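K.L.:
If you scroll down you'll find the structure; I have some questions about it.
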Amino acid sequence: MTCLHLLLTLVFAVSLGTPVEIQRPRGVPLTKKQFYEESKPFTCLDGSRTIPFDRVNDDYCDCKDGSDEPGTAACPNGSFHCTNAGYRPMFIPSSRINDGICDCCDTTDEYNSGAKCENTCKELGRKEREVLQKMAEITKEGFLLKQQLIEEAKKGQQEKQSKVTDMQENKKQLDEKVEALRTVKETAEQPEKEAKERHLKAWEEQKAAIRLEKDKAKMAETFLELDDNADGFVSVSELQSHAELDPDADGTLTEIEAQGLMGGAEQVDTSTFESVWPKIKDKYHSESQAEEPAPVETPPDEVKEPVVDNDSEPYPEDDISEEEDEDDEDEDDYHEDDDKAQPTIKTPEKTHEDEEAMPPYDADTQALIDAAQKARDDFEEAEKALREMDDQIRNIEKELSFDFGPDAEFTYLYSQCYELTTSEYIYRLCPFNRVSQKPKYGGSETNLGTWGSWSGPENNKYLLMKYEQGTGCWQGPNRSTTVKLTCGKETVVTSTSEPSRCEYLMEFTTPAVCQEPANIDPSPHDHVEL
């Protein structure tokens with residue numbers, strides 16, 4: 001094989017406007033031409049051995065790194081360089097050389113296969129230049145928008161900082177007001193407390209006196225009930241008639257047990273009964289209560305209005321008149337509220353709680369209460385205003401503390417949320433806050449991560465956002481999301497995916513990452529090989 005067969009014209013370089021033919025072995029990039037000189041033996045690029053130059057591209061692999069066969073498929077680890085003039089240069093595995101499939105747009109990989117390849121590099125280059133031109137326009141417009149965002153952010157930060165300064169000054173005054181009102185409140189609450197305590201003490205004393213009088217009356221009533229023969233004494237036998245007083249709960253009050261309750265006496269008078277009463281009052285059942293029949297519940301279908309039996313035996317006149325008066329009162333009560341009427345004639349008695357309800361405060365005490373309440377209201381209102389101001393200051397300071405980029409260009413994303421709806425889910429990105437996912441047709445929201453940090457490469461960390469510690473996966477880690485930021489005129493979530501279990505990737509366009517466009521030759525691949 002002659003050197004003429006080995007060397008082919010691959011690239012035209014522009015020099016003073018005149019194309020110059022550059023010769024080198026097939027499959028060798030221009031950047032490595034100096035290693036392939038026809039007049040010298042060839043040394044493998046890994047330095048493993050040196051061979052005569054005529055063994056380059058002889059379809060036999062001599063070098064371990066395959067560098068002696070850049071234009072044939074002899075070496076399994078070799079690579080072939082497609083010049084692709086007018087488009088983008090590329091490398092393909094040497095196994096694809098002359099395999100009948102056109103890999104290089106300039107057709108150079110199929111030089112001896114008989115495949116009918118068409119050179120499409122110029123068309124591909126034209127389409128790529130259109131895409132690059134469009135991207136350049138987007139970048140240019142996005143960069144202009146970014147400049148506006150920076151100006152607005154700086155202005156907003158200055159306004160917020162000024163607002164915080166003013167609020168902190170106002171907070172000092174509000175602090176003083178709260179402390180002054182606290183003193184007023186505490187001063188007003190002391191006499192209120194004392195007046196309430198006096199009122200309560202007087203009421204407790206009054207209740208104790210009332211209970212004592214009731215207890216004495218009940219004791220006297222019980223003495224009369226037990227004194228069956230009305231001789232002014234209660235005897236052991238008379239006490240025995242009340243088996244409920246049995247101390248050992250065997251159902252019978254024996255003579256000895258009754259005598260024990262009476263302090264060993266056979267009978268007691270009213271004064272001595274005072275020492276007996278505390279022992280029996282909790283168990284004693286009044287005879288007057290026992291005489292009253294227990295209320296009988298009548299089935300609903302048998303409830304009838306009470307009727308007067310005109311054929312019944314006449315009662316004494318006095319009794320009739322008193323009972324009729326009571327019946328009339330009961331009937332009045334009964335008909336006052338027909339909707340709430342129950343199948344009973346007796347009106348409800350006052351409860352123990354009703355009888356012992358504390359009376360209203362006197363005018364002087366009420367005036368002290370009203371004054372203290374006003375002081376409390378004023379204090380609480382001022383304290384609430386102070387809390388709200390603290391919250392506002394804290395929120396603004398939190399916002400100002402965020403890393404919104406070198407020129408605060410990402411500030412406008414704060415407190416905003418952006419959604420993307422797919423066939424199954426609604427994804428929601430709230431920058432500097434959280435990422436979530438919700439089923440499209442109903443269901444609970446899943447936290448895909450809360451704001452962590454910027455996590456882009458060293459040269460520009462603001463290209464990636466990391467959201468961590470989301471809802472845990474079943475028997476797996478907590479969900480997390482990486483948000484990849486790209487330049488665009490609009491601020492929008494463009495795509496979501498789950499490349500790894502519980503790890504989500506979200507594409508997000510924003511003018512905040514657009515860089516100042518550089519002046520670049522729109523058709524570099526026509527003249528430059530990379």
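As shown in the structure tokens, the chain order sets the letters A, B, ...; within each chain, residues go from 1, and ligands are also counted from 1 in the order they appear.
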When DSSP is applied to the backbone of this structure, which of stretch 24-151 of chain A are assigned alpha helix (DSSP H)? Write them out as a ChimeraX atom specification.

P.N.:
/A:121-151

K.L.:
Fewer than 3 positions away in the same chain doesn't count, so skip those; otherwise give me all residues within 9 Å of A:Ser480, counting only C-alpha atoms, as a PyMOL selection string.

P.N.:
chain A and resi 435+447-450+466-471+477+502-505

K.L.:
Okay, now the selection with N, CA and C atoms, as a compact mmCIF listing (two decimals), in the first residue's frame?

P.N.:
# COMPACT_ATOMS: atom_id res chain seq x y z
N VAL A 435 -41.10 21.69 47.02
CA VAL A 435 -41.61 21.09 45.79
C VAL A 435 -42.62 20.03 46.20
N ASN A 447 -44.91 15.80 49.63
CA ASN A 447 -43.79 16.73 49.69
C ASN A 447 -42.58 16.09 49.02
N LEU A 448 -42.07 16.70 47.94
CA LEU A 448 -40.92 16.18 47.22
C LEU A 448 -39.62 16.83 47.68
N GLY A 449 -39.68 17.62 48.73
CA GLY A 449 -38.47 18.23 49.27
C GLY A 449 -38.66 19.69 49.64
N THR A 450 -37.96 20.12 50.67
CA THR A 450 -37.97 21.53 51.07
C THR A 450 -36.61 22.13 50.73
N LYS A 466 -31.38 22.48 45.08
CA LYS A 466 -31.59 21.20 45.74
C LYS A 466 -32.66 21.33 46.82
N TYR A 467 -33.67 20.47 46.74
CA TYR A 467 -34.75 20.42 47.73
C TYR A 467 -34.69 19.04 48.39
N GLU A 468 -34.63 19.01 49.72
CA GLU A 468 -34.36 17.77 50.44
C GLU A 468 -35.40 17.51 51.53
N GLN A 469 -35.29 16.31 52.13
CA GLN A 469 -36.11 15.90 53.29
C GLN A 469 -37.61 16.00 53.00
N GLY A 470 -38.01 15.46 51.84
CA GLY A 470 -39.44 15.38 51.54
C GLY A 470 -40.08 14.20 52.23
N THR A 471 -41.29 13.87 51.83
CA THR A 471 -41.99 12.72 52.41
C THR A 471 -41.21 11.44 52.13
N PRO A 477 -35.73 6.05 51.06
CA PRO A 477 -35.27 7.33 51.59
C PRO A 477 -36.33 8.41 51.50
N CYS A 502 -37.34 7.90 44.22
CA CYS A 502 -37.53 8.95 45.21
C CYS A 502 -36.64 10.17 44.96
N GLU A 503 -35.94 10.21 43.82
CA GLU A 503 -35.13 11.37 43.47
C GLU A 503 -35.68 11.97 42.17
N TYR A 504 -36.16 13.19 42.25
CA TYR A 504 -36.84 13.82 41.13
C TYR A 504 -35.95 14.87 40.47
N LEU A 505 -36.17 15.06 39.18
CA LEU A 505 -35.46 16.09 38.42
C LEU A 505 -36.50 16.99 37.77

K.L.:
Find the residues near stretch 422-425 of chain A: any atom within 9 Å, counting only C-alpha atoms, skip ones fewer than 6 places away on the same chain, and give them as a VMD selection string.

P.N.:
chain A and resid 437 to 441 495 to 496

K.L.:
Any chance you can output those residues with N, CA, C and O atoms as an mmCIF file, in the first residue's frame?

P.N.:
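Saved the output as part22.cif:
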data_model
loop_
_atom_site.group_PDB
_atom_site.id
_atom_site.type_symbol
_atom_site.label_atom_id
_atom_site.label_comp_id
_atom_site.auth_asym_id
_atom_site.auth_seq_id
_atom_site.Cartn_x
_atom_site.Cartn_y
_atom_site.Cartn_z
ATOM 1 N N GLN A 437 -46.065 17.250 44.850
ATOM 2 C CA GLN A 437 -46.734 16.492 43.793
ATOM 3 C C GLN A 437 -48.112 16.105 44.282
ATOM 4 O O GLN A 437 -48.264 15.624 45.408
ATOM 5 N N LYS A 438 -49.122 16.314 43.444
ATOM 6 C CA LYS A 438 -50.490 15.984 43.837
ATOM 7 C C LYS A 438 -51.172 15.262 42.688
ATOM 8 O O LYS A 438 -51.038 15.673 41.531
ATOM 9 N N PRO A 439 -51.904 14.174 42.981
ATOM 10 C CA PRO A 439 -52.619 13.476 41.905
ATOM 11 C C PRO A 439 -53.573 14.423 41.174
ATOM 12 O O PRO A 439 -54.241 15.248 41.796
ATOM 13 N N LYS A 440 -53.638 14.274 39.871
ATOM 14 C CA LYS A 440 -54.433 15.179 39.041
ATOM 15 C C LYS A 440 -55.923 15.075 39.352
ATOM 16 O O LYS A 440 -56.648 16.064 39.300
ATOM 17 N N TYR A 441 -56.369 13.862 39.676
ATOM 18 C CA TYR A 441 -57.800 13.659 39.881
ATOM 19 C C TYR A 441 -58.158 13.413 41.346
ATOM 20 O O TYR A 441 -58.997 12.596 41.681
ATOM 21 N N SER A 495 -40.444 20.488 32.605
ATOM 22 C CA SER A 495 -40.538 19.025 32.652
ATOM 23 C C SER A 495 -40.182 18.511 34.042
ATOM 24 O O SER A 495 -39.527 19.201 34.828
ATOM 25 N N THR A 496 -40.640 17.293 34.310
ATOM 26 C CA THR A 496 -40.266 16.600 35.555
ATOM 27 C C THR A 496 -39.991 15.135 35.215
ATOM 28 O O THR A 496 -40.549 14.590 34.260
#

K.L.:
Quick one: residues within 12 Å of A:Asp370, only C-alpha atoms counted, chain neighbours fewer than 3 positions away excluded, as an NGL selection string?

P.N.:
:A and (185 or 188-189 or 191-192 or 361 or 363-367 or 373-377)

K.L.:
Would you output that residue set with N, CA and C atoms, as a CSV table (one decimal), in the first residue's frame?

P.N.:
chain,number,residue,atom,x,y,z
A,185,LYS,N,-52.4,47.7,83.6
A,185,LYS,CA,-53.2,46.5,83.8
A,185,LYS,C,-53.0,45.9,85.1
A,188,ALA,N,-54.6,47.9,87.8
A,188,ALA,CA,-56.0,47.8,87.8
A,188,ALA,C,-56.5,46.5,88.3
A,189,GLU,N,-55.7,45.4,88.1
A,189,GLU,CA,-56.1,44.1,88.5
A,189,GLU,C,-56.0,43.8,90.0
A,191,PRO,N,-56.8,45.9,92.7
A,191,PRO,CA,-58.0,46.1,93.5
A,191,PRO,C,-59.2,45.3,93.0
A,192,GLU,N,-59.2,44.9,91.7
A,192,GLU,CA,-60.2,44.0,91.1
A,192,GLU,C,-60.2,42.7,91.9
A,361,TYR,N,-72.2,41.1,91.2
A,361,TYR,CA,-71.3,42.0,92.0
A,361,TYR,C,-72.0,43.3,92.2
A,363,ALA,N,-72.1,47.4,92.7
A,363,ALA,CA,-71.7,48.5,91.7
A,363,ALA,C,-70.2,48.8,91.8
A,364,ASP,N,-69.7,48.9,93.0
A,364,ASP,CA,-68.3,49.3,93.2
A,364,ASP,C,-67.4,48.2,92.6
A,365,THR,N,-67.7,47.0,93.0
A,365,THR,CA,-66.8,45.9,92.5
A,365,THR,C,-66.9,45.7,91.0
A,366,GLN,N,-68.1,45.9,90.4
A,366,GLN,CA,-68.3,45.8,89.0
A,366,GLN,C,-67.5,46.9,88.2
A,367,ALA,N,-67.5,48.1,88.9
A,367,ALA,CA,-66.7,49.2,88.3
A,367,ALA,C,-65.2,48.9,88.2
A,373,GLN,N,-60.8,45.1,83.1
A,373,GLN,CA,-61.0,44.5,81.8
A,373,GLN,C,-60.6,45.4,80.6
A,374,LYS,N,-60.9,46.7,80.8
A,374,LYS,CA,-60.4,47.6,79.7
A,374,LYS,C,-58.9,47.7,79.7
A,375,ALA,N,-58.3,47.7,80.9
A,375,ALA,CA,-56.8,47.7,80.9
A,375,ALA,C,-56.3,46.5,80.2
A,376,ARG,N,-56.9,45.3,80.5
A,376,ARG,CA,-56.5,44.0,79.8
A,376,ARG,C,-56.6,44.1,78.3
A,377,ASP,N,-57.8,44.6,77.9
A,377,ASP,CA,-58.0,44.7,76.4
A,377,ASP,C,-57.0,45.6,75.8

K.L.:
Rounded to one decimal place, report the atom CA of A:Lys171-atom CA of A:Ala372 distance in Å.

P.N.:
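For atom CA of A:Lys171 relative to atom CA of A:Ala372, the distance reads 25.3 Å.
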
K.L.:
Would you mind telling me which residue in A:Leu174, A:Gly142, A:Thr108, A:Ser39 lies nearest to A:Lys384 when using only C-alpha atoms?

P.N.:
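Looking at the shortest contact to A:Lys384, the residue is A:Leu174.
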
K.L.:
Give me every strand (DSSP E) residue in stretch 177-313 of chain A, going by DSSP on the backbone, as a list in words.

P.N.:
Val234, Ser235, Gln267 and Val268 of chain A

K.L.:
Store the residues picked out above, limited to all heavy atoms, as a JSON list (two decimals), in the first residue's frame.

P.N.:
[["chain", "number", "residue", "atom", "x", "y", "z"],
["A", 234, "VAL", "N", -87.18, 11.22, 120.90],
["A", 234, "VAL", "CA", -87.00, 10.17, 119.89],
["A", 234, "VAL", "C", -86.39, 8.99, 120.61],
["A", 234, "VAL", "O", -85.31, 9.10, 121.21],
["A", 234, "VAL", "CB", -86.08, 10.62, 118.73],
["A", 234, "VAL", "CG1", -85.78, 9.45, 117.80],
["A", 234, "VAL", "CG2", -86.72, 11.76, 117.96],
["A", 235, "SER", "N", -87.10, 7.86, 120.58],
["A", 235, "SER", "CA", -86.65, 6.67, 121.31],
["A", 235, "SER", "C", -85.90, 5.73, 120.38],
["A", 235, "SER", "O", -85.89, 5.90, 119.16],
["A", 235, "SER", "CB", -87.86, 5.95, 121.91],
["A", 235, "SER", "OG", -88.69, 5.47, 120.86],
["A", 267, "GLN", "N", -83.49, 7.36, 124.85],
["A", 267, "GLN", "CA", -84.24, 8.37, 124.09],
["A", 267, "GLN", "C", -83.50, 9.69, 124.21],
["A", 267, "GLN", "O", -82.70, 9.91, 125.10],
["A", 267, "GLN", "CB", -85.68, 8.49, 124.61],
["A", 267, "GLN", "CG", -85.75, 8.93, 126.06],
["A", 267, "GLN", "CD", -87.20, 9.03, 126.55],
["A", 267, "GLN", "OE1", -88.11, 8.50, 125.92],
["A", 267, "GLN", "NE2", -87.40, 9.72, 127.66],
["A", 268, "VAL", "N", -83.75, 10.59, 123.19],
["A", 268, "VAL", "CA", -83.09, 11.90, 123.18],
["A", 268, "VAL", "C", -84.12, 12.98, 122.92],
["A", 268, "VAL", "O", -85.12, 12.75, 122.23],
["A", 268, "VAL", "CB", -81.99, 11.96, 122.10],
["A", 268, "VAL", "CG1", -80.83, 11.02, 122.42],
["A", 268, "VAL", "CG2", -82.56, 11.66, 120.71]]

K.L.:
Just give me the gap between atom CA of A:Arg479 and atom CA of A:Phe402 in Å, one decimal is fine.

P.N.:
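So the two atoms, atom CA of A:Arg479 and atom CA of A:Phe402, lie 23.2 Å apart.
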
K.L.:
Determine, counting only C-alpha atoms, which protein, DNA and RNA residues have an atom within 12 Å of an atom of A:Asp215; residues of the same chain fewer than 6 positions away are not included. Present the result as a PyMOL selection string.

P.N.:
chain A and resi 207-209+221-222+274+277-278+281-282

K.L.:
Write out as a VMD selection string the residues lying within 9 Å of A:Phe273, counting only C-alpha atoms and excluding same-chain residues fewer than 2 positions away.

P.N.:
chain A and resid 219 223 233 to 234 262 268 to 271 275 to 277

K.L.:
Put those residues in a file: C-alpha atoms, as a PDB file, in the first residue's frame.

P.N.:
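Listed below is the output, selection22.pdb:
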ATOM      1  CA  MET A 219     -82.888  18.259 111.625  1.00  0.00           C
ATOM      2  CA  PHE A 223     -86.922  14.938 114.798  1.00  0.00           C
ATOM      3  CA  PHE A 233     -88.408  12.502 122.539  1.00  0.00           C
ATOM      4  CA  VAL A 234     -86.997  10.168 119.893  1.00  0.00           C
ATOM      5  CA  MET A 262     -78.058   7.761 120.011  1.00  0.00           C
ATOM      6  CA  VAL A 268     -83.090  11.903 123.177  1.00  0.00           C
ATOM      7  CA  ASP A 269     -84.748  15.290 123.220  1.00  0.00           C
ATOM      8  CA  THR A 270     -84.302  18.026 120.603  1.00  0.00           C
ATOM      9  CA  SER A 271     -81.085  19.397 122.130  1.00  0.00           C
ATOM     10  CA  SER A 275     -75.376  15.145 118.402  1.00  0.00           C
ATOM     11  CA  VAL A 276     -77.294  12.273 116.755  1.00  0.00           C
ATOM     12  CA  TRP A 277     -78.150  14.164 113.576  1.00  0.00           C
TER      13      TRP A 277
END

K.L.:
Atom CA of A:Lys155 to atom CA of A:Ala408: how many Å, to one decimal?

P.N.:
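Going from atom CA of A:Lys155 over to atom CA of A:Ala408, I get 10.5 Å.
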